[in-house]
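Coordinates from data-v8.pdb are shown below (PDB, C-alpha atoms, pLDDT in the B column).
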```pdb
ATOM      1  CA  MET A 237     -13.765  -7.468   7.329  1.00 62.00           C
ATOM      2  CA  ARG A 238     -11.802  -4.333   6.421  1.00 73.00           C
ATOM      3  CA  LYS A 239      -9.104  -5.061   8.969  1.00 74.00           C
ATOM      4  CA  SER A 240      -8.561  -8.569   7.638  1.00 75.00           C
ATOM      5  CA  VAL A 241      -8.295  -7.321   4.051  1.00 78.00           C
ATOM      6  CA  PHE A 242      -5.868  -4.605   5.121  1.00 78.00           C
ATOM      7  CA  LEU A 243      -3.744  -7.105   7.052  1.00 75.00           C
ATOM      8  CA  ALA A 244      -3.749  -9.527   4.106  1.00 78.00           C
ATOM      9  CA  VAL A 245      -2.536  -6.788   1.757  1.00 79.00           C
ATOM     10  CA  LEU A 246       0.052  -5.625   4.278  1.00 78.00           C
ATOM     11  CA  PHE A 247       1.455  -9.114   4.813  1.00 72.00           C
ATOM     12  CA  SER A 248       1.484  -9.730   1.063  1.00 77.00           C
ATOM     13  CA  CYS A 249       3.495  -6.560   0.525  1.00 74.00           C
ATOM     14  CA  VAL A 250       5.928  -7.509   3.266  1.00 73.00           C
ATOM     15  CA  ALA A 251       6.331 -10.984   1.770  1.00 72.00           C
ATOM     16  CA  MET A 252       6.983  -9.551  -1.696  1.00 75.00           C
ATOM     17  CA  ILE A 253       9.561  -7.123  -0.315  1.00 73.00           C
ATOM     18  CA  ALA A 254      11.297  -9.914   1.607  1.00 67.00           C
ATOM     19  CA  HIS A 255      11.326 -12.147  -1.458  1.00 66.00           C
ATOM     20  CA  ALA A 256      12.591  -9.318  -3.671  1.00 60.00           C
ATOM     21  CA  GLY A 257      15.565  -8.860  -1.364  1.00 56.00           C
ATOM     22  CA  THR A 258      16.790 -12.391  -2.034  1.00 58.00           C
ATOM     23  CA  ASN A 259      17.028 -11.980  -5.801  1.00 59.00           C
ATOM     24  CA  SER A 260      19.876 -10.107  -7.429  1.00 62.00           C
ATOM     25  CA  VAL A 261      18.560  -7.508  -9.852  1.00 67.00           C
ATOM     26  CA  GLU A 262      21.109  -5.261 -11.509  1.00 76.00           C
ATOM     27  CA  MET A 263      18.975  -2.121 -11.394  1.00 73.00           C
ATOM     28  CA  ALA A 264      18.180  -2.610  -7.705  1.00 71.00           C
ATOM     29  CA  ASP A 265      21.849  -3.204  -6.965  1.00 76.00           C
ATOM     30  CA  THR A 266      22.696   0.041  -8.760  1.00 79.00           C
ATOM     31  CA  PHE A 267      20.048   1.940  -6.782  1.00 75.00           C
ATOM     32  CA  ARG A 268      21.381   0.454  -3.547  1.00 76.00           C
ATOM     33  CA  ALA A 269      24.945   1.360  -4.441  1.00 81.00           C
ATOM     34  CA  ASP A 270      23.968   4.951  -5.308  1.00 81.00           C
ATOM     35  CA  GLY A 271      21.775   5.274  -2.222  1.00 78.00           C
ATOM     36  CA  LYS A 272      18.680   5.976  -4.337  1.00 81.00           C
ATOM     37  CA  ILE A 273      16.773   2.873  -3.225  1.00 81.00           C
ATOM     38  CA  ARG A 274      15.511   4.804  -0.202  1.00 85.00           C
ATOM     39  CA  VAL A 275      13.984   7.392  -2.517  1.00 87.00           C
ATOM     40  CA  VAL A 276      12.276   4.683  -4.569  1.00 85.00           C
ATOM     41  CA  ILE A 277      10.877   3.021  -1.444  1.00 88.00           C
ATOM     42  CA  ALA A 278       9.729   6.388  -0.045  1.00 91.00           C
ATOM     43  CA  VAL A 279       7.870   7.240  -3.261  1.00 93.00           C
ATOM     44  CA  ILE A 280       6.195   3.824  -3.357  1.00 94.00           C
ATOM     45  CA  LEU A 281       5.167   4.143   0.298  1.00 94.00           C
ATOM     46  CA  ILE A 282       3.743   7.633  -0.266  1.00 96.00           C
ATOM     47  CA  ILE A 283       1.698   6.383  -3.207  1.00 95.00           C
ATOM     48  CA  LEU A 284       0.402   3.371  -1.256  1.00 94.00           C
ATOM     49  CA  ILE A 285      -0.450   5.427   1.820  1.00 95.00           C
ATOM     50  CA  GLY A 286      -2.286   7.955  -0.360  1.00 94.00           C
ATOM     51  CA  LEU A 287      -4.200   5.160  -2.045  1.00 95.00           C
ATOM     52  CA  PHE A 288      -5.206   3.606   1.293  1.00 93.00           C
ATOM     53  CA  VAL A 289      -6.305   7.000   2.679  1.00 95.00           C
ATOM     54  CA  PHE A 290      -8.350   7.659  -0.454  1.00 95.00           C
ATOM     55  CA  LEU A 291     -10.020   4.244  -0.265  1.00 94.00           C
ATOM     56  CA  PHE A 292     -10.728   4.630   3.455  1.00 94.00           C
ATOM     57  CA  ASN A 293     -12.371   8.035   2.899  1.00 95.00           C
ATOM     58  CA  LEU A 294     -14.338   6.691  -0.045  1.00 95.00           C
ATOM     59  CA  ASP A 295     -15.574   3.786   2.069  1.00 94.00           C
ATOM     60  CA  LYS A 296     -16.722   6.175   4.807  1.00 95.00           C
ATOM     61  CA  LYS A 297     -18.642   8.284   2.282  1.00 95.00           C
ATOM     62  CA  VAL A 298     -20.300   5.244   0.706  1.00 94.00           C
ATOM     63  CA  ASN A 299     -21.327   3.914   4.127  1.00 94.00           C
ATOM     64  CA  LYS A 300     -22.762   7.333   5.025  1.00 94.00           C
ATOM     65  CA  LEU A 301     -24.789   7.414   1.801  1.00 94.00           C
ATOM     66  CA  HIS A 302     -25.938   3.853   2.402  1.00 94.00           C
ATOM     67  CA  LYS A 303     -27.183   4.754   5.893  1.00 93.00           C
ATOM     68  CA  GLU A 304     -29.005   7.820   4.525  1.00 93.00           C
ATOM     69  CA  LEU A 305     -30.731   5.663   1.911  1.00 92.00           C
ATOM     70  CA  ASP A 306     -31.766   3.154   4.562  1.00 90.00           C
ATOM     71  CA  LYS A 307     -33.394   5.937   6.608  1.00 89.00           C
ATOM     72  CA  ASN A 308     -35.526   7.048   3.658  1.00 78.00           C
TER      73      ASN A 308
END
```

In structure tokens, what does this structure look like?
Amino acid sequence: MRKSVFLAVLFSCVAMIAHAGTNSVEMADTFRADGKIRVVIAVILIILIGLFVFLFNLDKKVNKLHKELDKN
């Protein structure tokens, strides 16, 4: 279940990025011209990776608590 949700989110993000590349947005063009688009993408990736790590750890803790409650 978790793998399918993760893959769905991943493919959705890839599709949005691919679609965003086809449109001409002035701010994005400026960032690309200045070379700052890599910084923007890096920051977004760091935030997303941090969010996924946080959610994964939270899920592990909830499952552990759930198993402890089932034992009692």

Calculate how many Å separate atom CA of A:Lys296 from atom CA of A:Val241, rounding to one decimal.
15.9 Å

By how many Å are atom CA of A:Leu294 and atom CA of A:Lys239 apart?
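Interatomic distance, atom CA of A:Leu294 to atom CA of A:Lys239: 15.7 Å.
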
So the first atom is atom CA of A:Ser240 and the second is atom CA of A:Lys297; what is the distance between them in Å, to one decimal place?
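Going from atom CA of A:Ser240 over to atom CA of A:Lys297 covers 20.4 Å.
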
Selection in question (the file shown): the PyMOL selection byres ((chain A and resi 274-286) around 12). Which residues does it include, as a list in words?
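Listing what the PyMOL selection byres ((chain A and resi 274-286) around 12) selects in the shown file: Phe242, Val245, Leu246, Cys249, Ile253, Met263, Ala264, Phe267, Arg268, Ala269, Asp270, Gly271, Lys272, Ile273, Leu287, Phe288, Val289, Phe290, Leu291, Phe292 and Asn293 of chain A.
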
Would you mind putting N, CA and C atoms back on stretch 271-305 of chain A and writing the result as a PDB file, in the frame of the given file?
```pdb
ATOM      1  N   GLY A 271      22.551   4.755  -3.338  1.00 78.00           N
ATOM      2  CA  GLY A 271      21.775   5.274  -2.222  1.00 78.00           C
ATOM      3  C   GLY A 271      20.406   5.787  -2.628  1.00 78.00           C
ATOM      4  N   LYS A 272      19.966   5.486  -3.843  1.00 81.00           N
ATOM      5  CA  LYS A 272      18.680   5.976  -4.337  1.00 81.00           C
ATOM      6  C   LYS A 272      17.534   5.018  -4.026  1.00 81.00           C
ATOM      7  N   ILE A 273      17.828   3.846  -3.509  1.00 81.00           N
ATOM      8  CA  ILE A 273      16.773   2.873  -3.225  1.00 81.00           C
ATOM      9  C   ILE A 273      15.838   3.405  -2.158  1.00 81.00           C
ATOM     10  N   ARG A 274      16.362   4.216  -1.247  1.00 85.00           N
ATOM     11  CA  ARG A 274      15.511   4.804  -0.202  1.00 85.00           C
ATOM     12  C   ARG A 274      14.493   5.769  -0.813  1.00 85.00           C
ATOM     13  N   VAL A 275      14.897   6.479  -1.842  1.00 87.00           N
ATOM     14  CA  VAL A 275      13.984   7.392  -2.517  1.00 87.00           C
ATOM     15  C   VAL A 275      12.885   6.606  -3.220  1.00 87.00           C
ATOM     16  N   VAL A 276      13.248   5.526  -3.871  1.00 85.00           N
ATOM     17  CA  VAL A 276      12.276   4.683  -4.569  1.00 85.00           C
ATOM     18  C   VAL A 276      11.272   4.111  -3.571  1.00 85.00           C
ATOM     19  N   ILE A 277      11.760   3.593  -2.459  1.00 88.00           N
ATOM     20  CA  ILE A 277      10.877   3.021  -1.444  1.00 88.00           C
ATOM     21  C   ILE A 277       9.986   4.106  -0.846  1.00 88.00           C
ATOM     22  N   ALA A 278      10.528   5.290  -0.602  1.00 91.00           N
ATOM     23  CA  ALA A 278       9.729   6.388  -0.045  1.00 91.00           C
ATOM     24  C   ALA A 278       8.601   6.782  -0.993  1.00 91.00           C
ATOM     25  N   VAL A 279       8.899   6.871  -2.279  1.00 93.00           N
ATOM     26  CA  VAL A 279       7.870   7.240  -3.261  1.00 93.00           C
ATOM     27  C   VAL A 279       6.786   6.166  -3.319  1.00 93.00           C
ATOM     28  N   ILE A 280       7.171   4.914  -3.321  1.00 94.00           N
ATOM     29  CA  ILE A 280       6.195   3.824  -3.357  1.00 94.00           C
ATOM     30  C   ILE A 280       5.324   3.859  -2.106  1.00 94.00           C
ATOM     31  N   LEU A 281       5.937   4.082  -0.943  1.00 94.00           N
ATOM     32  CA  LEU A 281       5.167   4.143   0.298  1.00 94.00           C
ATOM     33  C   LEU A 281       4.192   5.315   0.306  1.00 94.00           C
ATOM     34  N   ILE A 282       4.625   6.466  -0.204  1.00 96.00           N
ATOM     35  CA  ILE A 282       3.743   7.633  -0.266  1.00 96.00           C
ATOM     36  C   ILE A 282       2.546   7.347  -1.161  1.00 96.00           C
ATOM     37  N   ILE A 283       2.788   6.720  -2.292  1.00 95.00           N
ATOM     38  CA  ILE A 283       1.698   6.383  -3.207  1.00 95.00           C
ATOM     39  C   ILE A 283       0.739   5.396  -2.555  1.00 95.00           C
ATOM     40  N   LEU A 284       1.261   4.363  -1.905  1.00 94.00           N
ATOM     41  CA  LEU A 284       0.402   3.371  -1.256  1.00 94.00           C
ATOM     42  C   LEU A 284      -0.390   3.974  -0.100  1.00 94.00           C
ATOM     43  N   ILE A 285       0.252   4.796   0.705  1.00 95.00           N
ATOM     44  CA  ILE A 285      -0.450   5.427   1.820  1.00 95.00           C
ATOM     45  C   ILE A 285      -1.556   6.343   1.288  1.00 95.00           C
ATOM     46  N   GLY A 286      -1.266   7.105   0.252  1.00 94.00           N
ATOM     47  CA  GLY A 286      -2.286   7.955  -0.360  1.00 94.00           C
ATOM     48  C   GLY A 286      -3.449   7.156  -0.896  1.00 94.00           C
ATOM     49  N   LEU A 287      -3.153   6.031  -1.512  1.00 95.00           N
ATOM     50  CA  LEU A 287      -4.200   5.160  -2.045  1.00 95.00           C
ATOM     51  C   LEU A 287      -5.068   4.596  -0.922  1.00 95.00           C
ATOM     52  N   PHE A 288      -4.446   4.147   0.165  1.00 93.00           N
ATOM     53  CA  PHE A 288      -5.206   3.606   1.293  1.00 93.00           C
ATOM     54  C   PHE A 288      -6.060   4.692   1.953  1.00 93.00           C
ATOM     55  N   VAL A 289      -5.530   5.905   2.094  1.00 95.00           N
ATOM     56  CA  VAL A 289      -6.305   7.000   2.679  1.00 95.00           C
ATOM     57  C   VAL A 289      -7.496   7.331   1.788  1.00 95.00           C
ATOM     58  N   PHE A 290      -7.268   7.388   0.492  1.00 95.00           N
ATOM     59  CA  PHE A 290      -8.350   7.659  -0.454  1.00 95.00           C
ATOM     60  C   PHE A 290      -9.437   6.592  -0.355  1.00 95.00           C
ATOM     61  N   LEU A 291      -9.040   5.325  -0.343  1.00 94.00           N
ATOM     62  CA  LEU A 291     -10.020   4.244  -0.265  1.00 94.00           C
ATOM     63  C   LEU A 291     -10.762   4.252   1.062  1.00 94.00           C
ATOM     64  N   PHE A 292     -10.084   4.562   2.148  1.00 94.00           N
ATOM     65  CA  PHE A 292     -10.728   4.630   3.455  1.00 94.00           C
ATOM     66  C   PHE A 292     -11.777   5.733   3.473  1.00 94.00           C
ATOM     67  N   ASN A 293     -11.418   6.921   2.954  1.00 95.00           N
ATOM     68  CA  ASN A 293     -12.371   8.035   2.899  1.00 95.00           C
ATOM     69  C   ASN A 293     -13.547   7.712   1.988  1.00 95.00           C
ATOM     70  N   LEU A 294     -13.281   7.074   0.876  1.00 95.00           N
ATOM     71  CA  LEU A 294     -14.338   6.691  -0.045  1.00 95.00           C
ATOM     72  C   LEU A 294     -15.293   5.701   0.613  1.00 95.00           C
ATOM     73  N   ASP A 295     -14.754   4.763   1.366  1.00 94.00           N
ATOM     74  CA  ASP A 295     -15.574   3.786   2.069  1.00 94.00           C
ATOM     75  C   ASP A 295     -16.465   4.468   3.106  1.00 94.00           C
ATOM     76  N   LYS A 296     -15.918   5.441   3.827  1.00 95.00           N
ATOM     77  CA  LYS A 296     -16.722   6.175   4.807  1.00 95.00           C
ATOM     78  C   LYS A 296     -17.872   6.917   4.128  1.00 95.00           C
ATOM     79  N   LYS A 297     -17.607   7.547   2.990  1.00 95.00           N
ATOM     80  CA  LYS A 297     -18.642   8.284   2.282  1.00 95.00           C
ATOM     81  C   LYS A 297     -19.726   7.350   1.748  1.00 95.00           C
ATOM     82  N   VAL A 298     -19.325   6.205   1.224  1.00 94.00           N
ATOM     83  CA  VAL A 298     -20.300   5.244   0.706  1.00 94.00           C
ATOM     84  C   VAL A 298     -21.158   4.704   1.841  1.00 94.00           C
ATOM     85  N   ASN A 299     -20.551   4.395   2.982  1.00 94.00           N
ATOM     86  CA  ASN A 299     -21.327   3.914   4.127  1.00 94.00           C
ATOM     87  C   ASN A 299     -22.300   4.983   4.612  1.00 94.00           C
ATOM     88  N   LYS A 300     -21.886   6.244   4.609  1.00 94.00           N
ATOM     89  CA  LYS A 300     -22.762   7.333   5.025  1.00 94.00           C
ATOM     90  C   LYS A 300     -23.951   7.444   4.077  1.00 94.00           C
ATOM     91  N   LEU A 301     -23.700   7.368   2.777  1.00 94.00           N
ATOM     92  CA  LEU A 301     -24.789   7.414   1.801  1.00 94.00           C
ATOM     93  C   LEU A 301     -25.711   6.217   1.946  1.00 94.00           C
ATOM     94  N   HIS A 302     -25.142   5.074   2.224  1.00 94.00           N
ATOM     95  CA  HIS A 302     -25.938   3.853   2.402  1.00 94.00           C
ATOM     96  C   HIS A 302     -26.862   3.995   3.615  1.00 94.00           C
ATOM     97  N   LYS A 303     -26.364   4.555   4.699  1.00 93.00           N
ATOM     98  CA  LYS A 303     -27.183   4.754   5.893  1.00 93.00           C
ATOM     99  C   LYS A 303     -28.294   5.776   5.626  1.00 93.00           C
ATOM    100  N   GLU A 304     -27.984   6.837   4.862  1.00 93.00           N
ATOM    101  CA  GLU A 304     -29.005   7.820   4.525  1.00 93.00           C
ATOM    102  C   GLU A 304     -30.111   7.210   3.660  1.00 93.00           C
ATOM    103  N   LEU A 305     -29.728   6.322   2.746  1.00 92.00           N
ATOM    104  CA  LEU A 305     -30.731   5.663   1.911  1.00 92.00           C
ATOM    105  C   LEU A 305     -31.598   4.710   2.722  1.00 92.00           C
TER     106      LEU A 305
END
```
